[in-house]
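Q: Structure file upload-v3.txt, compact mmCIF, C-alpha atoms, is pasted below:
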```
# COMPACT_ATOMS: atom_id res chain seq x y z
CA MET A 1 117.49 107.23 43.04
CA LYS A 2 116.84 109.17 39.89
CA ILE A 3 113.48 108.74 38.19
CA GLN A 4 112.94 110.20 34.74
CA ILE A 5 109.69 110.48 32.85
CA LEU A 6 110.31 110.64 29.11
CA GLY A 7 107.64 112.23 26.99
CA THR A 8 106.83 115.27 24.94
CA GLY A 9 103.92 116.28 27.10
CA CYS A 10 100.87 114.24 26.15
CA ALA A 11 98.10 113.30 28.57
CA LYS A 12 99.59 109.86 29.16
CA CYS A 13 102.93 111.36 30.20
CA ASN A 14 101.21 113.20 33.04
CA ALA A 15 99.33 110.06 34.01
CA LEU A 16 102.63 108.16 34.17
CA MET A 17 104.24 110.85 36.30
CA LEU A 18 101.39 110.86 38.81
CA ALA A 19 101.33 107.06 39.02
CA THR A 20 105.10 106.91 39.44
CA GLU A 21 105.06 109.46 42.24
CA LYS A 22 102.36 107.48 43.99
CA ALA A 23 104.34 104.26 43.69
CA ALA A 24 107.58 105.88 44.84
CA GLN A 25 105.92 107.46 47.84
CA ALA A 26 104.19 104.21 48.75
CA LEU A 27 107.59 102.52 48.81
CA GLY A 28 109.02 105.38 50.84
CA LEU A 29 111.85 105.88 48.38
CA GLN A 30 114.35 108.69 48.35
CA TYR A 31 114.02 109.93 44.83
CA GLU A 32 114.48 112.77 42.47
CA LEU A 33 111.93 113.07 39.68
CA GLU A 34 112.73 114.66 36.36
CA LYS A 35 110.62 115.24 33.29
CA VAL A 36 112.54 114.83 30.04
CA THR A 37 110.73 116.57 27.22
CA ASP A 38 113.56 117.21 24.78
CA LEU A 39 113.27 114.86 21.82
CA GLN A 40 116.98 114.35 21.29
CA GLN A 41 117.42 113.43 24.93
CA ILE A 42 114.48 111.06 24.75
CA MET A 43 115.90 109.39 21.66
CA ALA A 44 119.23 108.95 23.43
CA PHE A 45 117.47 106.54 25.78
CA GLY A 46 116.56 104.41 22.78
CA VAL A 47 112.81 104.52 23.30
CA MET A 48 110.46 104.97 20.37
CA THR A 49 107.18 105.11 22.22
CA THR A 50 106.25 107.62 24.86
CA PRO A 51 105.60 107.95 27.70
CA ALA A 52 108.54 106.04 29.10
CA LEU A 53 110.04 105.60 32.54
CA ALA A 54 113.75 105.43 33.28
CA VAL A 55 115.22 104.62 36.68
CA ASP A 56 118.86 105.60 37.22
CA GLY A 57 119.24 105.95 33.47
CA LYS A 58 117.78 102.55 32.60
CA VAL A 59 114.50 102.32 30.70
CA LYS A 60 111.94 100.32 32.65
CA VAL A 61 108.84 100.72 30.54
CA SER A 62 107.82 102.56 27.39
CA GLY A 63 104.67 103.22 25.44
CA LYS A 64 102.21 102.63 28.22
CA VAL A 65 101.14 103.66 31.68
CA PRO A 66 101.51 100.68 34.03
CA SER A 67 99.44 100.34 37.18
CA VAL A 68 100.82 101.65 40.45
CA ASP A 69 101.50 98.08 41.59
CA GLU A 70 103.51 97.29 38.48
CA LEU A 71 105.41 100.52 38.95
CA LYS A 72 106.26 99.54 42.50
CA THR A 73 108.06 96.40 41.32
CA MET A 74 109.91 98.46 38.72
CA LEU A 75 111.03 101.00 41.30
CA GLN A 76 111.93 98.44 43.95
CA PRO A 77 115.68 98.73 44.52
CA VAL A 78 117.41 95.63 43.23
CA ASN A 79 119.34 93.78 45.92
CA PRO A 80 122.80 92.69 44.87
CA MET B 1 106.18 86.03 12.15
CA ASN B 2 107.96 82.76 12.85
CA GLY B 3 110.45 84.52 15.04
CA ALA B 4 107.66 85.63 17.33
CA LYS B 5 106.56 82.06 17.84
CA ASP B 6 110.06 80.85 18.51
CA MET B 7 110.50 83.42 21.19
CA ALA B 8 107.17 82.72 22.83
CA VAL B 9 107.48 78.96 23.16
CA PRO B 10 110.38 78.78 25.60
CA ALA B 11 108.62 81.27 27.86
CA ALA B 12 105.49 79.13 27.90
CA ASP B 13 107.49 75.97 28.52
CA THR B 14 109.39 77.29 31.50
CA LYS B 15 106.08 78.39 32.94
CA SER B 16 104.45 74.98 32.73
CA ALA B 17 107.58 73.27 33.98
CA ASP B 18 107.44 75.36 37.13
CA PRO B 19 105.12 73.48 39.52
CA GLY B 20 104.49 76.54 41.67
CA LYS B 21 102.77 78.50 38.96
CA PRO B 22 99.69 77.79 36.85
CA GLY B 23 100.74 76.40 33.48
CA TRP B 24 99.66 77.54 30.08
CA ARG B 25 97.29 74.55 29.81
CA LYS B 26 95.08 76.06 32.46
CA HIS B 27 94.99 79.36 30.58
CA LEU B 28 94.11 77.52 27.40
CA LEU B 29 91.20 75.72 29.08
CA TRP B 30 89.90 78.96 30.52
CA GLY B 31 90.27 80.56 27.12
CA ILE B 32 88.25 77.84 25.40
CA ALA B 33 85.54 77.98 28.07
CA ALA B 34 85.32 81.77 27.80
CA LEU B 35 85.17 81.58 24.01
CA ALA B 36 82.36 78.99 24.12
CA PHE B 37 80.40 81.16 26.52
CA TRP B 38 80.97 84.19 24.29
CA TRP B 39 79.72 82.25 21.27
CA LEU B 40 76.62 81.05 23.13
CA VAL B 41 75.65 84.58 24.22
CA TYR B 42 76.47 86.01 20.80
CA GLY B 43 74.25 83.45 19.09
CA SER B 44 71.25 84.19 21.28
CA LEU B 45 71.36 87.97 20.83
CA ALA B 46 68.99 88.05 17.85
CA PRO B 47 66.16 85.99 19.40
CA PHE B 48 66.62 87.90 22.65
CA ALA B 49 66.26 91.26 20.88
CA ALA B 50 63.12 90.09 19.09
CA TRP B 51 61.66 88.73 22.33
CA LEU B 52 62.43 91.89 24.29
CA THR B 53 61.05 94.20 21.62
CA TYR B 54 57.87 92.43 20.62
CA SER B 55 56.87 90.12 23.48
CA ARG B 56 58.19 91.98 26.48
CA CYS B 57 57.62 95.60 25.40
CA GLY B 58 54.65 94.78 23.20
CA LEU B 59 55.76 96.77 20.17
CA VAL B 60 54.11 95.97 16.85
CA LYS B 61 56.19 93.87 14.46
CA GLY B 62 57.00 95.83 11.30
CA SER B 63 56.30 99.22 12.89
CA HIS B 64 58.88 102.00 12.67
CA LEU B 65 59.42 102.12 16.41
CA GLY B 66 59.53 98.33 16.67
CA SER B 67 62.23 97.88 14.05
CA ALA B 68 64.26 100.80 15.45
CA VAL B 69 64.18 99.33 18.97
CA GLU B 70 64.95 95.81 17.78
CA PHE B 71 67.89 97.11 15.74
CA PHE B 72 69.34 98.91 18.74
CA VAL B 73 68.80 96.05 21.21
CA TYR B 74 70.40 93.59 18.81
CA GLU B 75 73.26 95.64 17.37
CA SER B 76 74.62 97.25 20.57
CA PRO B 77 75.63 94.09 22.43
CA LYS B 78 76.61 92.43 19.16
CA VAL B 79 79.08 95.11 18.13
CA LEU B 80 80.42 95.57 21.67
CA MET B 81 80.98 91.82 22.06
CA LEU B 82 82.74 91.63 18.71
CA LEU B 83 84.85 94.61 19.63
CA THR B 84 85.83 93.09 22.98
CA LEU B 85 86.85 89.78 21.44
CA VAL B 86 88.83 91.30 18.60
CA VAL B 87 90.54 93.94 20.74
CA PHE B 88 91.56 91.21 23.18
CA GLY B 89 92.90 89.04 20.36
CA VAL B 90 94.75 91.92 18.75
CA GLY B 91 96.11 92.94 22.17
CA ILE B 92 97.71 89.51 22.44
CA ILE B 93 99.02 89.60 18.87
CA ARG B 94 100.48 93.04 19.58
CA SER B 95 102.46 91.69 22.51
CA PHE B 96 104.57 89.92 19.86
CA PHE B 97 105.18 93.07 17.81
CA THR B 98 106.85 95.79 19.81
CA PRO B 99 107.96 98.86 17.85
CA GLU B 100 111.57 97.78 18.46
CA ARG B 101 110.93 94.43 16.82
CA THR B 102 109.12 96.02 13.90
CA ARG B 103 112.08 98.32 13.41
CA ARG B 104 114.47 95.39 13.36
CA ILE B 105 112.34 93.70 10.71
CA LEU B 106 112.15 96.84 8.58
CA SER B 107 115.63 98.26 8.87
CA GLY B 108 117.70 97.93 5.73
CA ARG B 109 114.78 96.58 3.69
CA ARG B 110 114.58 97.29 0.01
CA GLU B 111 111.81 99.63 -0.92
CA THR B 112 108.97 97.64 -2.47
CA THR B 113 109.07 94.69 -0.05
CA GLY B 114 109.73 97.12 2.77
CA ASN B 115 106.61 99.13 1.95
CA VAL B 116 104.42 96.03 1.95
CA LEU B 117 105.89 94.75 5.21
CA ALA B 118 105.64 98.18 6.84
CA ALA B 119 101.98 98.53 5.91
CA LEU B 120 101.21 95.07 7.30
CA LEU B 121 103.23 95.61 10.48
CA GLY B 122 101.57 98.99 10.91
CA THR B 123 98.29 97.23 11.56
CA VAL B 124 99.64 95.14 14.46
CA THR B 125 102.36 97.29 16.04
CA PRO B 126 101.04 99.14 19.06
CA PHE B 127 101.64 102.86 18.93
CA CYS B 128 99.62 105.95 19.73
CA SER B 129 99.68 109.12 17.68
CA CYS B 130 101.57 110.98 20.41
CA SER B 131 104.53 108.67 19.72
CA ALA B 132 104.62 109.44 16.00
CA VAL B 133 107.68 111.70 16.26
CA PRO B 134 109.96 109.51 18.41
CA LEU B 135 108.91 106.55 16.30
CA PHE B 136 109.75 108.40 13.11
CA ILE B 137 113.20 109.35 14.41
CA GLY B 138 113.78 105.86 15.76
CA PHE B 139 113.00 104.38 12.36
CA VAL B 140 114.86 106.67 9.98
CA THR B 141 118.03 106.87 12.10
CA THR B 142 118.43 103.11 12.21
CA GLY B 143 118.23 102.39 8.52
CA VAL B 144 114.52 102.13 7.77
CA PRO B 145 114.08 103.94 4.42
CA LEU B 146 111.98 107.11 4.50
CA GLY B 147 109.25 105.76 2.21
CA VAL B 148 108.97 102.56 4.23
CA THR B 149 108.60 104.61 7.41
CA PHE B 150 105.73 106.52 5.79
CA SER B 151 103.96 103.31 4.78
CA PHE B 152 104.03 102.41 8.47
CA LEU B 153 102.82 105.82 9.60
CA VAL B 154 99.87 105.73 7.18
CA SER B 155 98.68 102.20 7.80
CA SER B 156 99.03 102.26 11.56
CA PRO B 157 96.18 104.67 12.38
CA MET B 158 94.03 103.97 9.32
CA VAL B 159 93.94 100.19 9.26
CA ASN B 160 93.13 99.26 12.83
CA GLU B 161 91.00 96.67 14.56
CA VAL B 162 88.40 99.12 15.85
CA ALA B 163 87.64 100.47 12.37
CA LEU B 164 87.47 96.97 10.94
CA VAL B 165 85.20 95.54 13.65
CA LEU B 166 82.81 98.46 13.45
CA LEU B 167 82.61 98.26 9.67
CA PHE B 168 82.14 94.51 9.87
CA GLY B 169 79.50 94.69 12.59
CA LEU B 170 77.48 97.47 11.02
CA PHE B 171 77.95 97.11 7.28
CA GLY B 172 79.06 93.52 6.76
CA TRP B 173 82.30 91.74 5.97
CA LYS B 174 82.53 93.02 2.40
CA VAL B 175 82.79 96.64 3.44
CA ALA B 176 85.33 95.71 6.13
CA ALA B 177 87.41 93.68 3.65
CA ILE B 178 87.33 96.49 1.09
CA TYR B 179 88.43 98.96 3.74
CA LEU B 180 91.30 96.69 4.83
CA ALA B 181 92.54 96.06 1.30
CA MET B 182 92.28 99.69 0.22
CA GLY B 183 93.83 101.02 3.43
CA LEU B 184 96.84 98.75 2.95
CA ALA B 185 97.07 99.67 -0.73
CA ILE B 186 97.11 103.39 0.05
CA ALA B 187 99.77 102.91 2.73
CA ILE B 188 101.98 100.82 0.44
CA VAL B 189 101.68 102.99 -2.65
CA SER B 190 101.95 106.39 -0.97
CA GLY B 191 105.01 105.24 0.99
CA TRP B 192 106.55 103.91 -2.18
CA ILE B 193 105.94 107.19 -4.02
CA ILE B 194 107.43 109.25 -1.20
CA GLY B 195 110.46 106.95 -1.28
CA ARG B 196 110.83 107.43 -5.05
CA LEU B 197 110.68 111.20 -4.70
CA ARG B 198 113.93 111.10 -2.68
CA MET B 199 112.84 113.61 -0.12
CA GLU B 200 115.40 112.82 2.56
CA LYS B 201 116.68 116.40 2.44
CA HIS B 202 113.26 117.62 3.49
CA VAL B 203 113.59 115.91 6.83
CA GLU B 204 114.83 118.37 9.47
CA ASP B 205 118.62 118.16 9.56
CA TRP B 206 118.96 117.37 13.25
CA VAL B 207 116.93 114.18 12.86
CA PHE B 208 119.68 112.23 11.10
CA GLN B 209 122.26 113.52 13.57
CA THR B 210 120.26 112.28 16.51
CA LYS B 211 121.97 109.53 18.41
CA THR B 212 119.46 106.86 19.19
CA GLY B 213 120.47 104.93 22.23
CA ASP B 214 119.91 101.29 22.95
CA ALA B 215 117.19 100.63 25.50
CA GLY B 216 118.78 97.29 26.27
CA PRO B 217 117.31 93.84 25.73
CA GLU B 218 113.54 93.69 25.69
CA THR B 219 111.80 91.65 28.29
CA ILE B 220 109.76 89.00 26.54
CA PRO B 221 106.37 88.65 28.20
CA ASP B 222 105.17 85.18 29.22
CA TRP B 223 101.64 84.01 28.46
CA PRO B 224 99.95 85.32 31.61
CA ALA B 225 101.56 88.69 30.83
CA ARG B 226 100.29 88.54 27.25
CA ILE B 227 96.78 87.81 28.47
CA ARG B 228 97.04 90.76 30.83
CA LEU B 229 98.11 92.91 27.89
CA GLY B 230 95.03 91.73 25.98
CA LEU B 231 92.79 92.58 28.93
CA ASP B 232 94.47 95.96 29.31
CA ALA B 233 93.79 96.66 25.64
CA VAL B 234 90.11 95.80 26.15
CA LYS B 235 89.87 98.05 29.20
CA ASP B 236 91.63 100.89 27.44
CA ILE B 237 90.08 100.74 23.97
CA VAL B 238 86.57 99.48 24.68
CA GLY B 239 86.42 101.82 27.68
CA ARG B 240 87.25 104.71 25.39
CA VAL B 241 85.02 103.96 22.43
CA TRP B 242 81.85 102.26 23.73
CA LEU B 243 79.92 105.49 23.93
CA TYR B 244 80.65 106.35 20.29
CA VAL B 245 79.68 102.86 19.26
CA LEU B 246 76.31 103.11 21.02
CA LEU B 247 75.80 106.55 19.53
CA GLY B 248 76.53 105.18 16.08
CA ILE B 249 74.09 102.34 16.54
CA ALA B 250 71.44 104.71 17.89
CA VAL B 251 71.83 106.86 14.79
CA GLY B 252 71.57 103.71 12.72
CA ALA B 253 68.45 102.62 14.60
CA GLY B 254 66.83 106.01 14.01
CA ILE B 255 67.56 105.75 10.30
CA HIS B 256 66.39 102.16 10.28
CA GLY B 257 63.00 103.14 11.58
CA TYR B 258 62.31 106.56 10.20
CA VAL B 259 64.43 108.64 7.85
CA PRO B 260 63.67 108.24 4.13
CA GLU B 261 66.42 106.29 2.37
CA ASN B 262 67.48 108.76 -0.25
CA PHE B 263 67.74 111.88 1.81
CA MET B 264 71.46 112.40 1.13
CA ALA B 265 71.53 110.77 -2.28
CA SER B 266 71.37 114.01 -4.25
CA ILE B 267 74.30 115.62 -2.38
CA MET B 268 76.52 112.62 -1.65
CA GLY B 269 75.20 110.06 -4.08
CA LYS B 270 77.11 108.44 -6.91
CA ASP B 271 76.04 110.95 -9.49
CA ALA B 272 77.51 113.93 -7.67
CA TRP B 273 81.10 113.60 -8.94
CA TRP B 274 82.38 116.44 -6.77
CA SER B 275 81.23 114.76 -3.56
CA VAL B 276 84.40 112.62 -3.23
CA PRO B 277 86.92 115.49 -3.34
CA LEU B 278 84.65 117.49 -1.06
CA ALA B 279 84.49 114.61 1.44
CA VAL B 280 88.31 114.34 1.43
CA LEU B 281 88.74 118.10 1.70
CA ILE B 282 86.49 118.23 4.75
CA GLY B 283 87.93 115.05 6.23
CA VAL B 284 91.67 115.82 6.05
CA PRO B 285 91.89 118.61 8.65
CA MET B 286 89.46 116.85 10.98
CA TYR B 287 90.78 114.68 13.75
CA SER B 288 88.96 111.71 15.21
CA ASN B 289 89.60 108.07 15.91
CA ALA B 290 87.78 105.29 14.08
CA ALA B 291 85.04 104.96 16.69
CA GLY B 292 84.22 108.65 16.80
CA ILE B 293 83.60 108.81 13.08
CA ILE B 294 81.29 105.79 12.93
CA PRO B 295 78.06 107.62 13.97
CA ILE B 296 78.61 110.04 11.08
CA VAL B 297 79.40 107.24 8.66
CA GLN B 298 76.29 105.41 9.77
CA ALA B 299 74.12 108.49 9.27
CA LEU B 300 75.56 109.31 5.83
CA LEU B 301 75.31 105.77 4.50
CA GLY B 302 71.82 105.28 5.87
CA LYS B 303 70.59 108.37 4.13
CA GLY B 304 71.76 107.32 0.73
CA ALA B 305 75.30 108.67 0.46
CA ALA B 306 77.51 106.54 -1.79
CA LEU B 307 79.83 104.01 -0.12
CA GLY B 308 82.98 105.28 -1.83
CA THR B 309 82.31 108.85 -0.77
CA VAL B 310 81.71 107.83 2.82
CA LEU B 311 84.78 105.55 3.01
CA ALA B 312 86.91 108.34 1.54
CA PHE B 313 85.60 110.66 4.22
CA MET B 314 86.30 108.13 6.96
CA MET B 315 89.82 107.35 5.75
CA SER B 316 90.79 111.00 5.42
CA VAL B 317 89.55 111.79 8.93
CA ILE B 318 91.44 108.88 10.51
CA ALA B 319 94.66 108.93 8.47
CA LEU B 320 95.37 112.64 8.18
CA SER B 321 94.69 115.56 10.48
CA LEU B 322 95.81 119.07 11.22
CA PRO B 323 97.16 118.18 14.70
CA GLU B 324 99.22 115.41 13.10
CA ALA B 325 100.70 117.87 10.59
CA ILE B 326 101.68 120.15 13.45
CA ILE B 327 103.30 117.30 15.38
CA LEU B 328 105.20 116.10 12.31
CA ARG B 329 106.45 119.63 11.63
CA LYS B 330 109.01 119.01 14.39
CA VAL B 331 110.82 116.51 12.16
CA LEU B 332 109.67 117.29 8.61
CA LYS B 333 110.06 120.40 6.51
CA PRO B 334 106.83 121.87 5.13
CA ARG B 335 107.42 120.50 1.65
CA LEU B 336 107.57 116.90 2.83
CA ILE B 337 104.49 117.33 5.00
CA ALA B 338 102.63 118.77 2.02
CA THR B 339 103.80 115.90 -0.19
CA PHE B 340 102.83 113.34 2.43
CA PHE B 341 99.34 114.79 2.85
CA GLY B 342 98.95 115.30 -0.89
CA VAL B 343 99.92 111.77 -1.86
CA VAL B 344 97.77 110.11 0.80
CA ALA B 345 94.78 112.35 0.08
CA LEU B 346 95.08 111.60 -3.62
CA GLY B 347 95.13 107.87 -2.88
CA ILE B 348 92.01 108.18 -0.76
CA LEU B 349 90.34 110.20 -3.50
CA LEU B 350 91.05 107.49 -6.08
CA VAL B 351 89.73 104.79 -3.74
CA GLY B 352 86.54 106.79 -3.24
CA TYR B 353 85.97 107.11 -6.98
CA LEU B 354 86.85 103.47 -7.58
CA PHE B 355 84.19 102.37 -5.14
CA ASN B 356 81.49 104.63 -6.41
CA PHE B 357 82.30 103.33 -9.88
CA LEU B 358 82.33 99.64 -8.91
CA MET B 359 79.42 99.38 -6.52
```
Can the structure in the file be given as structure tokens, please?
A:
Amino acid sequence: MKIQILGTGCAKCNALMLATEKAAQALGLQYELEKVTDLQQIMAFGVMTTPALAVDGKVKVSGKVPSVDELKTMLQPVNP
Amino acid sequence: MNGAKDMAVPAADTKSADPGKPGWRKHLLWGIAALAFWWLVYGSLAPFAAWLTYSRCGLVKGSHLGSAVEFFVYESPKVLMLLTLVVFGVGIIRSFFTPERTRRILSGRRETTGNVLAALLGTVTPFCSCSAVPLFIGFVTTGVPLGVTFSFLVSSPMVNEVALVLLFGLFGWKVAAIYLAMGLAIAIVSGWIIGRLRMEKHVEDWVFQTKTGDAGPETIPDWPARIRLGLDAVKDIVGRVWLYVLLGIAVGAGIHGYVPENFMASIMGKDAWWSVPLAVLIGVPMYSNAAGIIPIVQALLGKGAALGTVLAFMMSVIALSLPEAIILRKVLKPRLIATFFGVVALGILLVGYLFNFLM
């Protein structure tokens, strides 16, 4: 699964990255984490507030740093 | 505004219809109980402060130390309680106004109405200064006029609940109301002027070519989620500013007890006409949030500085800053940044003079 942290490098972006890694590791996920700092790329996701989290290209949350528990439910693979 | 209600009601209804989960009625009852408790404690703060200061600690009524201690013991919990309640309330209101929603309301608006709406929405739309650039791009590329976008960017940091609560708690409702009205006026007028100046070509070229994607449908939070958002706001904001608030009150208490009233009057009083431009000039490059500036405001006002001068200083610190100019440089050419800062600073200057003249 591909996890992307969108943000231009503020303190909250780092907080979101750390929390996301924690949540992903707690779930034992196979993941690849990428930091997206380029503004044009960030805008292409359609978010206006940073930091934001995208999983497999879909925006899960923007403008805040959720708790690790909340992140876990966002990262949980959806069963078909 | 009505739209927000319409969207919220179905969510609440489905909740209460689901027998497995606590309904909104239960939340409402808890809310009323908590509010009653809050009111009870709030009402007994003044007698408690007097009792603690004079009966328990045995300080002499009317003495410098006595009045300083009483002031601190009364004001600290009072302002913190007010702040908690208002931040919680605003946190819930904000859950109705996401930036995406605000953008939908503003896009394609005509200028004048758009400026007014943007200034008002700026006060309730959650956004932190680090999001200023993506927000700016997101607005102007989807049909929000440039001037309207600026009204939003000015009002959002300047007119916020923390500034208003602190002004209300420490200086009374009149000062808070004046600040609110003038902050909105500056945001509306300066945005309108920037719109009139037709400065679109001074936005960096790549901005308008940026393709803004669609983040998909927003999830609409239900009531328990909104309450959590309110609590999160309290944890985040009150957790960040309480120290500054106490510091401000301590400064106020010191002034209350000791410092002669007119200490600053000669330098920052009404008669010193140059004090307003000087206050703005010093305030513009500085960066602080509303809470951080309150101890200074408290000290200046207490020592006899004129209200207009102090409000002008406060507004220029909160609304404009050097770091913000640097951040905005990514999307704006220098001329537009200079115009933006110039217009807003001029507005603040006029407000400062107006107040010193009126009060």
Q: Output as a tab-separated table one row per residue of chain B within 12 Å of chain A: the closest atom pair and its distance in Å to one decimal place, counting only C-alpha atoms, sorted by chain and residue number ascending.
A:
```
residue	atom	partner	partner_atom	distance
B:Thr98	CA	A:Gly63	CA	9.6
B:Pro99	CA	A:Met48	CA	7.1
B:Glu100	CA	A:Met48	CA	7.5
B:Arg101	CA	A:Met48	CA	11.1
B:Thr102	CA	A:Met48	CA	11.1
B:Arg103	CA	A:Met48	CA	9.8
B:Thr125	CA	A:Thr49	CA	11.1
B:Pro126	CA	A:Gly63	CA	8.4
B:Phe127	CA	A:Thr49	CA	6.8
B:Cys128	CA	A:Thr49	CA	8.0
B:Ser129	CA	A:Thr49	CA	9.6
B:Cys130	CA	A:Cys10	CA	6.6
B:Ser131	CA	A:Thr49	CA	5.1
B:Ala132	CA	A:Thr49	CA	8.0
B:Val133	CA	A:Met48	CA	8.4
B:Pro134	CA	A:Met48	CA	5.0
B:Leu135	CA	A:Met48	CA	4.6
B:Phe136	CA	A:Met48	CA	8.1
B:Ile137	CA	A:Met43	CA	7.7
B:Gly138	CA	A:Met48	CA	5.8
B:Phe139	CA	A:Met48	CA	8.4
B:Val140	CA	A:Met48	CA	11.4
B:Thr141	CA	A:Met43	CA	10.1
B:Thr142	CA	A:Gly46	CA	10.8
B:Trp206	CA	A:Gln40	CA	8.8
B:Val207	CA	A:Gln40	CA	8.4
B:Phe208	CA	A:Gln40	CA	10.8
B:Gln209	CA	A:Gln40	CA	9.4
B:Thr210	CA	A:Gln40	CA	6.2
B:Lys211	CA	A:Ala44	CA	5.7
B:Thr212	CA	A:Ala44	CA	4.7
B:Gly213	CA	A:Gly46	CA	4.0
B:Asp214	CA	A:Gly46	CA	4.6
B:Ala215	CA	A:Gly46	CA	4.7
B:Gly216	CA	A:Val59	CA	8.0
B:Pro217	CA	A:Val59	CA	10.2
B:Glu218	CA	A:Lys60	CA	9.7
B:Thr219	CA	A:Lys60	CA	9.7
B:Ala225	CA	A:Glu70	CA	11.7
B:Arg228	CA	A:Pro66	CA	11.3
B:Leu229	CA	A:Pro66	CA	10.5
B:Asp232	CA	A:Pro66	CA	9.7
B:Ala233	CA	A:Lys64	CA	10.6
B:Asp236	CA	A:Lys64	CA	10.8
B:Ile327	CA	A:Thr8	CA	10.4
B:Lys330	CA	A:Leu39	CA	9.5
B:Val331	CA	A:Leu39	CA	10.1
```
Q: Which residues, written as a PyMOL selection string, have at least one atom at most 10 Å from Pro77 (chain A), with only C-alpha atoms counted and residues fewer than 4 positions away on the same chain left out?
A: chain A and resi 1+27+29+55+72-73
Q: Figure out the distance between CA of Phe357 (chain B) and CA of Ser288 (chain B), please, to one decimal in Å.
A: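 Going from CA of Ser288 (chain B) over to CA of Phe357 (chain B), I get 27.3 Å.
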Q: State, in Å with one decimal place, the distance from CA of Ile294 (chain B) to CA of Val79 (chain B).
A: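 These two atoms are separated by 12.1 Å.
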Q: Could you check which of B:Gly191, B:Ser63, B:Trp24, B:Ser55 is closest to Gly114 (chain B), using all atoms listed in the file?
A: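 Of the candidates, the smallest distance to Gly114 (chain B) is held by B:Gly191.
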Q: Please measure the separation of CA of Asn160 (chain B) and CA of Leu82 (chain B), giving the value in Å to one decimal.
A: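 Computed distance, CA of Asn160 (chain B) to CA of Leu82 (chain B), equals 14.2 Å.
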Q: Hey, which of B:Thr84, B:Phe340, B:Val203, B:Ile348 ends up closest to Arg240 (chain B)? Count only C-alpha atoms.
A: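 Comparing B:Thr84, B:Phe340, B:Val203, B:Ile348 against Arg240 (chain B), the winner is B:Thr84.
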Q: With distances taken over all atoms listed in the file, which residue among A:Gly28, A:Thr37, A:Lys22, A:Val65 lies nearest Leu53 (chain A)?
A: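 Ranking A:Gly28, A:Thr37, A:Lys22, A:Val65 by distance to Leu53 (chain A), first place goes to A:Val65.
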Q: What's around Ile5 (chain A) at 6 Å? Count all atoms listed in the file, leave out sequence neighbours fewer than 2 positions away in its own chain, and write the answer as an MDAnalysis selection string.
A: chainID A and resid 35:36 52:53
Q: Find, counting all atoms listed in the file, the residue in B:Ile318, B:Leu301, B:Val245, B:Val69 that gets nearest to Phe171 (chain B).
A: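 Of B:Ile318, B:Leu301, B:Val245, B:Val69, the one nearest Phe171 (chain B) is B:Leu301, counting all atoms listed in the file.
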